[in-house]
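Engineer: The following file, work07.cif, comprises mmCIF, C-alpha atoms:
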```cif
data_structure
#
loop_
_atom_site.label_atom_id
_atom_site.label_comp_id
_atom_site.auth_asym_id
_atom_site.auth_seq_id
_atom_site.Cartn_x
_atom_site.Cartn_y
_atom_site.Cartn_z
CA MET N 1424 13.47 21.05 27.44
CA SER N 1425 15.36 19.71 24.43
CA GLN N 1426 14.21 16.18 25.28
CA SER N 1427 10.58 17.36 25.33
CA ILE N 1428 11.01 19.05 21.96
CA LYS N 1429 12.58 15.89 20.59
CA LEU N 1430 9.64 13.86 21.91
CA VAL N 1431 7.01 16.17 20.42
CA SER N 1432 8.85 16.17 17.10
CA ALA N 1433 9.03 12.36 17.08
CA VAL N 1434 5.31 12.07 17.88
CA PHE N 1435 4.42 14.42 15.02
CA LYS N 1436 6.72 12.65 12.54
CA THR N 1437 5.49 9.16 13.37
CA THR N 1438 1.76 9.87 13.58
CA PRO N 1439 0.12 8.34 10.46
CA ALA N 1440 -0.46 10.88 7.72
CA VAL N 1441 -4.14 9.98 7.44
CA VAL N 1442 -4.67 10.80 11.13
CA LYS N 1443 -2.99 14.19 10.75
CA PHE N 1444 -4.98 14.93 7.59
CA VAL N 1445 -8.34 13.97 9.09
CA ALA N 1446 -7.68 15.84 12.33
CA PHE N 1447 -6.48 19.00 10.58
CA GLY N 1448 -9.30 18.93 8.02
CA SER N 1449 -11.94 18.38 10.68
CA ALA N 1450 -10.55 21.19 12.85
CA VAL N 1451 -10.52 23.63 9.90
CA VAL N 1452 -14.10 22.80 8.88
CA LEU N 1453 -15.26 22.99 12.50
CA LEU N 1454 -13.72 26.45 12.95
CA LEU N 1455 -15.18 27.55 9.61
CA LYS N 1456 -18.65 26.46 10.75
CA ILE N 1457 -18.41 28.13 14.16
CA LEU N 1458 -16.92 31.42 12.93
CA TRP N 1459 -18.78 31.83 9.64
CA LEU N 1460 -21.45 29.31 8.69
CA ASP N 1461 -23.31 29.63 12.01
CA GLN N 1462 -23.81 33.35 11.30
CA ILE N 1463 -25.58 32.68 7.99
CA PRO N 1464 -29.38 32.16 7.98
CA ALA N 1465 -30.50 28.62 7.21
CA TRP N 1466 -30.58 27.92 3.48
CA PHE N 1467 -33.17 25.15 3.69
CA PRO N 1468 -35.42 23.48 6.27
CA GLY N 1469 -33.47 21.25 8.63
CA ALA N 1470 -30.19 23.05 7.92
CA HIS N 1471 -29.77 23.91 11.62
CA GLU N 1472 -30.21 20.31 12.73
CA LEU N 1473 -27.81 19.12 10.02
CA GLY N 1474 -25.31 21.72 11.15
CA VAL N 1475 -25.53 20.53 14.75
CA LEU N 1476 -24.97 16.93 13.64
CA THR N 1477 -22.02 17.95 11.47
CA GLU N 1478 -20.50 19.93 14.35
CA ASN N 1479 -20.86 16.95 16.69
CA VAL N 1480 -19.22 14.62 14.15
CA LEU N 1481 -16.35 17.03 13.56
CA THR N 1482 -15.86 17.57 17.29
CA ALA N 1483 -15.82 13.82 17.90
CA THR N 1484 -13.31 13.32 15.07
CA VAL N 1485 -10.91 15.93 16.44
CA ALA N 1486 -11.30 14.51 19.96
CA ALA N 1487 -10.67 10.97 18.69
CA SER N 1488 -7.51 12.11 16.91
CA VAL N 1489 -6.20 13.80 20.04
CA PHE N 1490 -7.08 10.71 22.08
CA PHE N 1491 -5.23 8.50 19.58
CA VAL N 1492 -2.09 10.63 19.81
CA ILE N 1493 -2.14 10.85 23.61
CA SER N 1494 -3.18 7.29 24.44
CA TYR N 1495 -1.38 5.36 21.67
CA GLN N 1496 1.14 7.33 19.64
CA LEU N 1497 2.81 9.14 22.54
CA PRO N 1498 3.43 6.00 24.66
CA LEU N 1499 4.65 4.15 21.54
CA VAL N 1500 7.14 6.89 20.75
CA VAL N 1501 8.36 7.03 24.36
CA GLU N 1502 8.96 3.27 24.31
CA ARG N 1503 10.62 3.33 20.89
CA MET N 1504 12.92 6.13 21.99
CA ALA N 1505 13.91 3.94 24.94
CA VAL N 1506 14.64 0.77 22.94
CA GLY N 1507 15.41 2.52 19.65
CA PRO N 1508 19.20 2.70 20.17
CA THR N 1509 19.31 -1.08 20.69
CA ILE N 1510 17.15 -1.77 17.63
CA ALA N 1511 19.29 0.58 15.53
CA MET N 1512 22.50 -1.04 16.78
CA LEU N 1513 21.28 -4.57 15.99
CA ALA N 1514 19.91 -3.55 12.58
CA ASP N 1515 23.24 -1.91 11.83
CA GLN N 1516 24.96 -5.18 12.76
CA VAL N 1517 22.76 -7.01 10.25
CA VAL N 1518 23.94 -4.62 7.54
CA GLN N 1519 27.53 -5.15 8.64
CA HIS N 1520 27.27 -8.94 8.54
CA VAL N 1521 25.90 -8.85 4.98
CA ALA N 1522 28.23 -6.18 3.60
CA LYS N 1523 31.54 -7.03 5.23
CA PHE N 1524 32.14 -10.13 3.10
CA LEU N 1525 32.14 -8.02 -0.07
CA TYR N 1526 34.43 -5.42 1.50
CA ALA N 1527 36.75 -8.15 2.78
CA VAL N 1528 37.02 -9.63 -0.71
CA ASN N 1529 37.65 -6.22 -2.25
CA HIS N 1530 40.26 -5.38 0.39
CA SER N 1531 42.02 -8.72 -0.03
CA LEU N 1532 42.22 -8.34 -3.81
CA ASN N 1533 42.69 -4.61 -4.30
CA ALA N 1534 44.20 -3.11 -1.15
CA LYS N 1535 47.08 -0.71 -1.69
CA ASP N 1536 48.93 0.75 1.27
CA GLY N 1537 46.48 -1.04 3.53
CA THR N 1538 43.31 0.49 2.07
CA ALA N 1539 40.90 -0.36 -0.72
CA THR N 1540 37.95 1.62 -2.08
CA LEU N 1541 34.89 -0.07 -3.50
CA ALA N 1542 33.18 1.91 -6.26
CA GLN N 1543 29.73 3.17 -5.32
CA PRO N 1544 27.01 2.31 -6.04
CA VAL N 1545 27.87 -1.37 -5.96
CA THR N 1546 26.59 -3.23 -9.04
CA GLU N 1547 25.94 -6.91 -9.62
CA GLN N 1548 28.67 -6.94 -12.25
CA ALA N 1549 31.17 -5.50 -9.77
CA VAL N 1550 30.27 -8.23 -7.28
CA ALA N 1551 30.57 -10.91 -9.96
CA ASP N 1552 33.97 -9.59 -11.07
CA LEU N 1553 35.30 -9.78 -7.51
CA PHE N 1554 33.82 -13.20 -6.81
CA LYS N 1555 35.37 -14.57 -10.00
CA ARG N 1556 38.80 -13.86 -8.53
CA ILE N 1557 38.41 -15.93 -5.36
CA SER N 1558 37.98 -19.66 -4.84
CA PRO N 1559 35.53 -20.91 -2.21
CA ASN N 1560 38.19 -23.22 -0.80
CA ASP N 1561 41.06 -20.70 -0.69
CA ALA N 1562 42.10 -19.19 2.63
CA SER N 1563 40.48 -15.88 3.48
CA PRO N 1564 41.94 -13.16 5.75
CA MET N 1565 39.52 -14.31 8.47
CA TRP N 1566 40.13 -16.85 11.22
CA ASP N 1567 38.13 -18.99 13.58
CA THR N 1568 37.71 -17.10 16.85
CA GLN N 1569 37.94 -20.33 18.85
CA THR N 1570 40.78 -22.18 17.15
CA PHE N 1571 42.43 -19.13 15.49
CA ALA N 1572 42.75 -21.25 12.35
CA VAL N 1573 42.44 -19.49 9.00
CA VAL N 1574 39.13 -20.30 7.30
CA SER N 1575 38.16 -20.46 3.64
CA TRP N 1576 36.16 -17.84 1.79
CA LEU N 1577 33.16 -20.16 1.73
CA SER N 1578 33.35 -20.80 5.47
CA THR N 1579 33.70 -17.07 6.05
CA MET N 1580 30.55 -16.36 4.04
CA VAL N 1581 28.64 -19.06 5.94
CA ASP N 1582 29.88 -17.82 9.34
CA GLN N 1583 28.86 -14.24 8.56
CA GLU N 1584 25.38 -15.40 7.51
CA VAL N 1585 25.06 -17.22 10.86
CA GLN N 1586 26.08 -14.02 12.67
CA CYS N 1587 23.57 -12.06 10.58
CA ARG N 1588 20.79 -14.48 11.49
CA GLY N 1589 21.75 -14.13 15.17
CA SER N 1590 21.42 -10.33 15.04
CA ILE N 1591 18.04 -10.62 13.31
CA ASP N 1592 16.84 -13.02 16.00
CA GLN N 1593 17.87 -10.50 18.65
CA ILE N 1594 15.91 -7.74 16.92
CA TRP N 1595 12.79 -9.89 17.00
CA ARG N 1596 12.97 -9.80 20.79
CA TYR N 1597 11.64 -6.26 20.34
CA ALA N 1598 8.84 -7.32 17.96
CA ARG N 1599 6.37 -5.06 19.73
CA PHE N 1600 8.31 -2.01 18.55
CA ILE N 1601 9.00 -3.19 15.00
CA ASP N 1602 6.92 -1.71 12.18
CA SER N 1603 5.93 -3.52 8.99
CA GLU N 1604 8.70 -1.92 6.91
CA LEU N 1605 11.46 -3.11 9.22
CA ALA N 1606 9.85 -6.56 9.46
CA ALA N 1607 9.79 -6.84 5.65
CA LEU N 1608 13.43 -5.77 5.35
CA LEU N 1609 14.57 -8.29 7.98
CA ASP N 1610 12.56 -11.08 6.35
CA GLY N 1611 14.00 -10.14 2.96
CA ILE N 1612 17.49 -10.81 4.32
CA GLN N 1613 16.75 -13.77 6.56
CA PHE N 1614 14.76 -15.66 3.92
CA SER N 1615 16.76 -14.54 0.89
CA GLN N 1616 18.07 -17.03 -1.66
CA HIS N 1617 21.58 -16.19 -0.46
CA ALA N 1618 20.78 -17.12 3.15
CA ALA N 1619 18.92 -20.26 2.10
CA SER N 1620 21.80 -21.56 -0.03
CA LEU N 1621 24.35 -20.90 2.73
CA HIS N 1622 22.12 -22.63 5.27
CA SER N 1623 22.00 -25.67 2.98
CA LEU N 1624 25.78 -25.63 2.58
CA LYS N 1625 26.20 -25.40 6.33
CA GLU N 1626 24.03 -28.49 6.78
CA ILE N 1627 26.03 -30.33 4.12
CA GLY N 1628 29.25 -29.39 5.91
CA ARG N 1629 27.84 -30.54 9.23
CA LEU N 1630 26.90 -33.92 7.75
CA ALA N 1631 30.36 -34.16 6.23
CA GLY N 1632 32.00 -33.65 9.61
CA GLY N 1633 32.60 -29.92 9.22
CA ASP N 1634 34.69 -30.16 6.03
CA LEU N 1635 32.94 -27.54 3.89
CA LYS N 1636 34.42 -27.60 0.39
CA LEU N 1637 33.15 -27.04 -3.14
CA GLY N 1638 34.46 -28.10 -6.51
CA ASN N 1639 34.01 -24.60 -7.97
CA ASP N 1640 37.05 -22.71 -9.23
CA ASN N 1641 35.55 -19.39 -8.13
CA MET N 1642 32.54 -17.92 -6.32
CA ALA N 1643 30.85 -16.27 -9.30
CA ASP N 1644 27.78 -18.48 -8.88
CA PHE N 1645 27.18 -16.85 -5.50
CA ALA N 1646 27.21 -13.30 -6.91
CA PRO N 1647 23.55 -12.86 -8.06
CA ALA N 1648 21.98 -14.09 -4.80
CA TYR N 1649 24.54 -12.24 -2.69
CA PHE N 1650 23.95 -9.00 -4.60
CA GLN N 1651 20.19 -9.21 -4.00
CA CYS N 1652 20.81 -9.73 -0.29
CA TYR N 1653 23.32 -6.85 -0.31
CA GLN N 1654 20.74 -4.54 -1.90
CA GLN N 1655 18.25 -5.49 0.80
CA ALA N 1656 20.89 -4.69 3.42
CA MET N 1657 21.42 -1.24 1.86
CA ARG N 1658 17.67 -0.62 2.05
CA LEU N 1659 17.83 -1.63 5.70
CA GLN N 1660 20.65 0.87 6.18
CA GLU N 1661 18.47 3.61 4.66
CA TYR N 1662 15.64 2.62 6.98
CA CYS N 1663 18.01 2.86 9.96
CA THR N 1664 18.97 6.38 8.93
CA ARG N 1665 15.32 7.43 8.82
CA PHE N 1666 14.61 5.59 12.08
CA ARG N 1667 17.40 7.45 13.89
CA THR N 1668 16.21 10.77 12.49
CA LYS N 1669 12.61 10.17 13.61
CA TYR N 1670 13.55 9.24 17.16
CA GLY N 1671 16.63 11.41 17.62
CA ILE N 1672 19.05 8.47 17.87
CA GLY N 1673 22.73 9.08 17.21
CA VAL N 1674 24.66 7.03 14.68
CA ILE N 1675 26.02 3.94 16.39
CA ARG N 1676 27.88 2.24 13.60
CA ARG N 1677 28.30 2.76 9.88
CA SER N 1678 28.54 0.15 7.17
CA PRO N 1679 32.08 -0.49 5.87
CA ARG N 1680 33.31 1.73 3.08
#
```
Could you take the file, read its structure, and then write that structure out as structure tokens?
Structural biologist:
Amino acid sequence: MSQSIKLVSAVFKTTPAVVKFVAFGSAVVLLLKILWLDQIPAWFPGAHELGVLTENVLTATVAASVFFVISYQLPLVVERMAVGPTIAMLADQVVQHVAKFLYAVNHSLNAKDGTATLAQPVTEQAVADLFKRISPNDASPMWDTQTFAVVSWLSTMVDQEVQCRGSIDQIWRYARFIDSELAALLDGIQFSQHAASLHSLKEIGRLAGGDLKLGNDNMADFAPAYFQCYQQAMRLQEYCTRFRTKYGIGVIRRSPR
């Protein structure tokens, strides 16, 4: 019973507003005509015929709206509820891959008693201040999962962008169930200036035999592009919250705090 209620609620929430408005308005006018206007004598010649035509149009509109919900919206919601947990999980991973570099930097620089809090909301200046305190070539707290060797901050940022791109690619396997808003958010991250610059650095490192190093003293130059990508990731996180609410999906993973 609860599953049926959840399904009906999801169908109502996801049906386009214009469809609900047209269907409701047509139904109200149709009832008004049947219960009241039909009892009033014709005001002008041809009023009866016009009324019949109007009633047929309104009836067809209501029927078309019901058909749309039953034949399109209901199956779509059923399918999205089935694959929704996977889409939400992968989208949440995208947010994690973008955000965890910032939280790792903050934790490495400011942790006390094993914990560090990053002031919310995160600002571009806060990101720049943190990035000024780390060198791209210095060792980060991360390590290579294959060799277990400690990697630099720059390599960590590049690796996390690769992981982010991998999660986005997995989401696109479910392209049929992705709406335009989610597509725009994913594209905003995948084709961001931050991702493009890291992809270029990765190619440079590959051509140099894997030795990815920069002459910069700090990573402040990366802050503006990273912050824009981070903001896009936070918008994706907000979308995921709304997506879970619409389809009754439990929280799978939260972004680091």
Engineer: With all atoms listed in the file as the atoms that count, which of N:Ile1493, N:Val1441, N:Ile1594, N:Leu1453 lies nearest to Leu1608 in chain N?
Structural biologist: N:Ile1594
Engineer: Extract, using only C-alpha atoms, all DNA, RNA and protein residues at most 8 Å from Asp1640 in chain N, discarding same-chain residues fewer than 4 positions from it, and format them as a list in words.
Structural biologist: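 These residues fall inside the cut-off: Ile1557, Ser1558 and Pro1559 of chain N.
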Engineer: With a distance cut-off of 10 Å and all atoms listed in the file, select the neighbouring residues of Thr1538 in chain N, excluding the residue or stretch itself and same-chain residues fewer than 6 positions from it, and output the selection as a PyMOL selection string.
Structural biologist: chain N and resi 1529-1531
Engineer: Applied to the shown file, which residues does the PyMOL selection byres ((chain N and resi 1564) around 10) return, written as a VMD selection string?
Structural biologist: chain N and resid 1527 to 1528 1530 to 1531 1561 to 1563 1565 to 1566 1573 to 1576 1579
Engineer: I'd like the neighbourhood of Glu1478 in chain N as a list of chain:residue names, where a residue qualifies if any of its atoms comes within 12 Å (using all atoms listed in the file), though same-chain residues fewer than 5 positions away should be ignored.
Structural biologist: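 Once the adjacent positions are removed, what remains is N:Ser1449, N:Ala1450, N:Val1451, N:Val1452, N:Leu1453, N:Leu1454, N:Leu1455, N:Lys1456, N:Ile1457, N:Leu1460, N:Asp1461, N:His1471, N:Glu1472, N:Leu1473, N:Ala1483, N:Thr1484, N:Val1485.
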Engineer: For Val1521 in chain N, which residue out of N:Gln1586, N:Gln1548, N:Ser1603, N:Ser1432 is the nearest one, using all atoms listed in the file?
Structural biologist: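 Closest candidate: N:Gln1586.
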Engineer: Write out as JSON, numbers by chain which residues come within 7 Å of Ile1672 in chain N when counting only C-alpha atoms, dropping same-chain ones fewer than 3 positions away.
Structural biologist: {"N": [1508, 1667, 1668]}
Engineer: So how many Å separate CA of Gly1638 in chain N and CA of Ser1578 in chain N, to one decimal?
Structural biologist: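 Between CA of Gly1638 in chain N and CA of Ser1578 in chain N the gap works out to 14.1 Å.
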Engineer: Can you tell me how far CA of Asp1592 in chain N sits from CA of Gly1673 in chain N, in Å to one decimal?
Structural biologist: 22.9 Å
Engineer: With distances taken over all atoms listed in the file, which residue among N:Gln1496, N:Val1545, N:Leu1476, N:Gly1537 lies nearest Gln1654 in chain N?
Structural biologist: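 Result for the nearest residue to Gln1654 in chain N: N:Val1545.
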Engineer: Could you tell me how far CA of Gln1583 in chain N sits from CA of Gln1655 in chain N, in Å to one decimal place?
Structural biologist: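 According to the coordinates, CA of Gln1655 in chain N and CA of Gln1583 in chain N are separated by 15.8 Å.
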Engineer: As a check of understanding, name the residues that the PyMOL selection byres ((chain N and resi 1664) around 12) selects in the supplied structure, as a short mmCIF file (atom, residue, chain, number, x, y, z; two decimals) with C-alpha atoms, in the frame of the given file.
Structural biologist:
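As written to disk, out_16.cif reads:
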```cif
data_model
loop_
_atom_site.label_atom_id
_atom_site.label_comp_id
_atom_site.auth_asym_id
_atom_site.auth_seq_id
_atom_site.Cartn_x
_atom_site.Cartn_y
_atom_site.Cartn_z
CA GLY N 1507 15.41 2.52 19.65
CA PRO N 1508 19.20 2.70 20.17
CA ALA N 1511 19.29 0.58 15.53
CA MET N 1512 22.50 -1.04 16.78
CA ALA N 1514 19.91 -3.55 12.58
CA ASP N 1515 23.24 -1.91 11.83
CA MET N 1657 21.42 -1.24 1.86
CA ARG N 1658 17.67 -0.62 2.05
CA LEU N 1659 17.83 -1.63 5.70
CA GLN N 1660 20.65 0.87 6.18
CA GLU N 1661 18.47 3.61 4.66
CA TYR N 1662 15.64 2.62 6.98
CA CYS N 1663 18.01 2.86 9.96
CA ARG N 1665 15.32 7.43 8.82
CA PHE N 1666 14.61 5.59 12.08
CA ARG N 1667 17.40 7.45 13.89
CA THR N 1668 16.21 10.77 12.49
CA LYS N 1669 12.61 10.17 13.61
CA TYR N 1670 13.55 9.24 17.16
CA GLY N 1671 16.63 11.41 17.62
CA ILE N 1672 19.05 8.47 17.87
CA GLY N 1673 22.73 9.08 17.21
CA VAL N 1674 24.66 7.03 14.68
CA ILE N 1675 26.02 3.94 16.39
CA ARG N 1676 27.88 2.24 13.60
CA ARG N 1677 28.30 2.76 9.88
CA SER N 1678 28.54 0.15 7.17
#
```
Engineer: Between N:Val1489, N:Val1517, N:Val1550, N:Val1501, which has the minimum distance to Gln1426 in chain N (counting only C-alpha atoms)?
Structural biologist: N:Val1501
Engineer: Find, counting only C-alpha atoms, the residue in N:Phe1524, N:Phe1645, N:Phe1614, N:Tyr1653 that gets nearest to Asp1582 in chain N.
Structural biologist: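 Of the candidates, the smallest distance to Asp1582 in chain N is held by N:Phe1524.
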Engineer: May I have the centre and edge lengths, in Å to one decimal, of an axis-aligned box around the listed atoms of range 1489-1496 of chain N with 6 Å added to every side, as lines of an AutoDock Vina configuration file?
Structural biologist:
```
center_x = -3.0
center_y = 9.6
center_z = 22.0
size_x = 20.2
size_y = 20.4
size_z = 16.9
```
Engineer: For this structure, which residues satisfy the selection - the PyMOL selection byres ((chain N and resi 1617) around 7) - when it is evaluated on the file as given? I want them as number ranges by chain.
Structural biologist: N: 1615-1616, 1618-1621, 1648-1649, 1652
